[in-house]
Amino acid sequence: MVGQTLVGSPCRIWKQILNRKDGSFIIRYRLYETCVNLEIVIKVKNEHLPMSPLFFKGPVYEEECYCPYENLSDWLESYKCPQNYSQIQSDLEPFTNIDFNIIRNDIIKEFNHPNSVSICHYIIRSNKVYRYCYGQHVGFKIFMDAILLSLARKVRLPDIELFVNLGDWPLVSNTATVYPIFSWCGSDDTKDIVMPTYDITESSLENMGRVMLDTLSVQGNTKLSWSSKIEKLFWRGRDSCRERLDLIDISRKYPDLINASITNFFFFKSEMDKYGPKQNHTSLFNFFDYKYQLNIDGTVASYRFPYLLAGDSLVFKQESKYYEFFYKQLKPYGHYIPIKRDLTDIVEKIRWAKKHDDVAYKISRAGQFFARENLMPQNIFCYHAILIKEWSSRLKNKVVVLDGMEEVPQPQNSCKCRPSDSNGKRVREEL
């Protein structure tokens, strides 16, 4: 992989090769400066693969570079995004003609509870991001800031106004007035507009950066083939719900089937003597030494589910009222094995998987394929962008920056954009 900067010096490029252990490889790279005449050569035994070499004459920009497409529809097409998502259509169905001049103060009054709720009011105007936050604990605004700023560097976003829930619990009750609140987690008894979680969004933005775990890295850090894995269910996590403690009881009764331990006590400290001692943290990469994984709720949905699916083990998923943006696309016994909320059938289901190993393997592969097709960084960008586009079409009021809002600045960067073409569209080559 070679290329030149705009002044002719070699590009600084960090590349990484991840072996999926199934005959396929992930090759990814991160640019640290704008690169032109980029050539990517892929050879096996000194022979070019059919698509090699790939050559990009025009500039390929680093993540921090502000060179947005002028047209969102063009960007979505170039990024190979779908036309829409069924979850977005469902979430936005109650909101057909929103006038924030009418409901803005009602939303603030309803959710401005500093001791229990934290929300941020965002405005995107002329491709700049502004916000005002309510609540005592608003540190998680950095995650929403990051994805909005990243998208604004890539494409000129429509002017929009929205309120974002900074907590895990969805806020909009089915039985109350349905206000438009964007949240990272949904549930069967709430009406929040669901976005990709802050966890998978951060890992998509920061992969090959300061974040080690993402849906790509987890595929290249498993060590054992299916037949070599330990035939047990493996789980580690906090004491975030009673069912996690119940799992410890079950694992002690069936140590030949389940290896489970609590890594930190917070919610049930008074029961530490019974369910402890707490165990050291285990890297998720090491989870996949075991053939079976468990996705069990914490306080809400467990945000590790995308990484468990992307790995190469069979995932058992607890029944739950909580969901992330992609859950409703999954099929029980197609992508994972469902288990009851109270875990009373978990031993039976593990024994079934051991007895039907070929079927278990096929389900694990289907779950992994789903993750590869739907939960990669590209998919996370697409989901956010389409959600913003669809939301903008439902706003009636003119979007203006309100008094007291602060601008969220873009990171400083000295990159130079390619001049606009004859159609007035900024050209940004995406790989």
# chains A, B, ... in the order shown; residues from 1 in each chain; ligands from 1

$ select_by_dssp --residues "stretch 53-246 of chain A" --states "strand (DSSP E)" --output "PyMOL selection string"
chain A and resi 54-56+119-125+128-134+160-165+182-183+186-187+193-194+230-238

$ write_last_selection --atoms "N, CA and C atoms" --output "CSV table (one decimal), in the first residue's frame"
chain,number,residue,atom,x,y,z
A,54,LEU,N,-5.6,-2.0,-6.7
A,54,LEU,CA,-6.6,-0.9,-6.7
A,54,LEU,C,-5.9,0.4,-6.7
A,55,PHE,N,-6.3,1.3,-7.6
A,55,PHE,CA,-5.6,2.6,-7.7
A,55,PHE,C,-6.6,3.8,-7.6
A,56,PHE,N,-6.3,4.7,-6.7
A,56,PHE,CA,-7.1,5.9,-6.4
A,56,PHE,C,-6.3,7.1,-6.7
A,119,ILE,N,-30.1,14.8,29.4
A,119,ILE,CA,-30.4,14.8,27.9
A,119,ILE,C,-29.6,16.0,27.3
A,120,CYS,N,-29.3,15.9,26.0
A,120,CYS,CA,-28.7,17.1,25.3
A,120,CYS,C,-29.6,17.5,24.2
A,121,HIS,N,-29.8,18.8,24.0
A,121,HIS,CA,-30.6,19.4,22.9
A,121,HIS,C,-29.6,19.8,21.8
A,122,TYR,N,-29.7,19.2,20.7
A,122,TYR,CA,-28.7,19.4,19.6
A,122,TYR,C,-29.4,20.2,18.5
A,123,ILE,N,-28.6,21.1,17.9
A,123,ILE,CA,-29.0,21.7,16.6
A,123,ILE,C,-27.8,21.5,15.6
A,124,ILE,N,-28.2,21.1,14.4
A,124,ILE,CA,-27.2,21.1,13.3
A,124,ILE,C,-27.7,22.2,12.3
A,125,ARG,N,-26.9,23.2,12.2
A,125,ARG,CA,-27.2,24.3,11.3
A,125,ARG,C,-26.0,24.7,10.5
A,128,LYS,N,-22.8,22.8,11.1
A,128,LYS,CA,-22.1,23.0,12.3
A,128,LYS,C,-23.0,22.4,13.5
A,129,VAL,N,-22.4,21.9,14.5
A,129,VAL,CA,-23.1,21.2,15.6
A,129,VAL,C,-23.1,22.1,16.8
A,130,TYR,N,-24.3,22.3,17.4
A,130,TYR,CA,-24.5,23.1,18.6
A,130,TYR,C,-25.3,22.2,19.6
A,131,ARG,N,-25.1,22.5,20.9
A,131,ARG,CA,-25.9,21.8,21.9
A,131,ARG,C,-26.0,22.5,23.2
A,132,TYR,N,-27.0,22.1,23.9
A,132,TYR,CA,-27.2,22.6,25.3
A,132,TYR,C,-27.7,21.3,26.1
A,133,CYS,N,-27.0,21.0,27.2
A,133,CYS,CA,-27.3,19.8,27.9
A,133,CYS,C,-28.0,20.1,29.3
A,134,TYR,N,-28.8,19.1,29.7
A,134,TYR,CA,-29.6,19.2,31.0
A,134,TYR,C,-29.2,18.0,31.8
A,160,ILE,N,-31.1,20.2,11.4
A,160,ILE,CA,-32.1,19.4,12.2
A,160,ILE,C,-32.0,19.9,13.6
A,161,GLU,N,-33.0,19.5,14.4
A,161,GLU,CA,-33.1,19.7,15.8
A,161,GLU,C,-33.5,18.4,16.5
A,162,LEU,N,-32.8,18.0,17.5
A,162,LEU,CA,-33.2,16.8,18.2
A,162,LEU,C,-32.7,16.8,19.7
A,163,PHE,N,-33.4,16.0,20.5
A,163,PHE,CA,-33.1,15.7,21.9
A,163,PHE,C,-32.5,14.3,22.0
A,164,VAL,N,-31.4,14.2,22.7
A,164,VAL,CA,-30.7,12.9,22.8
A,164,VAL,C,-30.6,12.5,24.3
A,165,ASN,N,-31.0,11.3,24.6
A,165,ASN,CA,-31.0,10.8,25.9
A,165,ASN,C,-29.5,10.2,26.2
A,182,PHE,N,-34.2,10.7,21.1
A,182,PHE,CA,-33.3,9.7,20.5
A,182,PHE,C,-32.5,9.0,21.6
A,183,SER,N,-32.5,7.7,21.6
A,183,SER,CA,-31.8,6.9,22.7
A,183,SER,C,-31.0,5.8,22.1
A,186,GLY,N,-33.8,0.7,23.1
A,186,GLY,CA,-35.2,0.8,23.1
A,186,GLY,C,-35.8,-0.4,23.9
A,187,SER,N,-37.1,-0.3,24.1
A,187,SER,CA,-37.8,-1.4,24.8
A,187,SER,C,-39.2,-1.5,24.3
A,193,ILE,N,-36.7,6.8,19.9
A,193,ILE,CA,-36.1,6.7,18.6
A,193,ILE,C,-34.7,6.1,18.8
A,194,VAL,N,-34.5,4.9,18.3
A,194,VAL,CA,-33.2,4.1,18.7
A,194,VAL,C,-32.1,4.4,17.7
A,230,ILE,N,-13.5,-25.1,23.7
A,230,ILE,CA,-13.9,-25.8,24.9
A,230,ILE,C,-15.5,-25.8,24.9
A,231,GLU,N,-16.0,-27.0,25.1
A,231,GLU,CA,-17.5,-27.2,24.9
A,231,GLU,C,-18.2,-26.7,26.2
A,232,LYS,N,-18.1,-25.5,26.5
A,232,LYS,CA,-18.8,-24.9,27.6
A,232,LYS,C,-19.3,-23.5,27.2
A,233,LEU,N,-20.3,-23.0,28.0
A,233,LEU,CA,-20.7,-21.6,27.9
A,233,LEU,C,-19.9,-20.8,28.8
A,234,PHE,N,-19.3,-19.7,28.3
A,234,PHE,CA,-18.5,-18.8,29.0
A,234,PHE,C,-19.1,-17.4,29.2
A,235,TRP,N,-19.0,-16.9,30.4
A,235,TRP,CA,-19.6,-15.6,30.7
A,235,TRP,C,-18.8,-14.9,31.8
A,236,ARG,N,-18.5,-13.6,31.6
A,236,ARG,CA,-18.0,-12.8,32.7
A,236,ARG,C,-18.7,-11.4,32.6
A,237,GLY,N,-19.0,-10.8,33.8
A,237,GLY,CA,-19.6,-9.5,33.7
A,237,GLY,C,-20.0,-9.0,35.1
A,238,ARG,N,-20.5,-7.8,35.2
A,238,ARG,CA,-20.9,-7.2,36.5
A,238,ARG,C,-22.2,-7.8,37.0

$ residues_around --residues "A:Phe268" --least-positions-apart "2" --cutoff "10 Å" --atoms "only C-alpha atoms" --output "MDAnalysis selection string"
chainID A and resid 238:242 245 264:266 270:272 275

$ residues_around --residues "stretch 65-68 of chain A" --least-positions-apart "6" --cutoff "6 Å" --atoms "only C-alpha atoms" --output "number ranges by chain"
A: 153-156, 415, 417

$ write_last_selection --atoms "C-alpha atoms" --output "PDB file, in the first residue's frame"
ATOM      1  CA  ARG A 153     -16.763  16.126   7.968  1.00  0.00           C
ATOM      2  CA  LYS A 154     -17.891  13.601   5.377  1.00  0.00           C
ATOM      3  CA  VAL A 155     -21.152  15.064   4.082  1.00  0.00           C
ATOM      4  CA  ARG A 156     -23.141  18.271   4.397  1.00  0.00           C
ATOM      5  CA  CYS A 415      -5.867  19.041   5.179  1.00  0.00           C
ATOM      6  CA  CYS A 417      -9.939  19.595   0.013  1.00  0.00           C
TER       7      CYS A 417
END

$ select_by_dssp --residues "stretch 290-401 of chain A" --states "helix (DSSP H, G or I)" --output "ChimeraX atom specification"
/A:305-310,327-329,346-355,357-374,377-392

$ closest_residue --among "A:Glu243, A:Asp22, A:Asp188, A:Asp249" --to "A:Gln219" --atoms "only C-alpha atoms"
A:Asp22

$ residues_around --residues "A:Ala366" --least-positions-apart "5" --cutoff "9 Å" --atoms "only C-alpha atoms" --output "VMD selection string"
chain A and resid 309 334 to 336 361 371

$ residues_around --residues "A:Asn37" --least-positions-apart "2" --cutoff "7 Å" --atoms "only C-alpha atoms" --output "list in words"
Gly3, Gln4, Cys35, Glu39, Phe55, Phe56, Lys57 and Gly58 of chain A

$ closest_residue --among "A:Leu38, A:Leu375, A:Leu213, A:Val178" --to "A:Tyr327" --atoms "only C-alpha atoms"
A:Leu375

$ atom_distance --atom1 "atom CA of A:Val36" --atom2 "atom CA of A:Pro59"
4.5 Å

$ closest_residue --among "A:Arg252, A:Lys45, A:Lys355, A:His384" --to "A:Thr201" --atoms "only C-alpha atoms"
A:His384

$ residues_around --residues "A:Asn115" --least-positions-apart "3" --cutoff "10 Å" --atoms "only C-alpha atoms" --output "VMD selection string"
chain A and resid 112 118 135 to 137

$ write_last_selection --atoms "C-alpha atoms" --output "PDB file, in the first residue's frame"
ATOM      1  CA  ASN A 112     -35.271  18.011  32.812  1.00  0.00           C
ATOM      2  CA  SER A 118     -29.500  13.635  31.415  1.00  0.00           C
ATOM      3  CA  GLY A 135     -28.713  17.017  33.965  1.00  0.00           C
ATOM      4  CA  GLN A 136     -25.902  16.330  36.398  1.00  0.00           C
ATOM      5  CA  HIS A 137     -24.167  13.576  34.428  1.00  0.00           C
TER       6      HIS A 137
END

$ residues_around --residues "A:Ala176" --least-positions-apart "4" --cutoff "10 Å" --atoms "only C-alpha atoms" --output "list of chain:residue names"
A:Val172, A:Thr190, A:Lys191

$ write_last_selection --atoms "C-alpha atoms" --output "tab-separated table (two decimals), in the first residue's frame"
chain	number	residue	atom	x	y	z
A	172	VAL	CA	-40.57	7.79	26.44
A	190	THR	CA	-41.24	2.73	25.32
A	191	LYS	CA	-41.26	4.80	22.14

$ atom_distance --atom1 "atom CA of A:Cys185" --atom2 "atom CA of A:Glu324"
5.3 Å

$ closest_residue --among "A:Ile98, A:Leu171, A:Leu205, A:Val218" --to "A:Leu149" --atoms "only C-alpha atoms"
A:Leu205
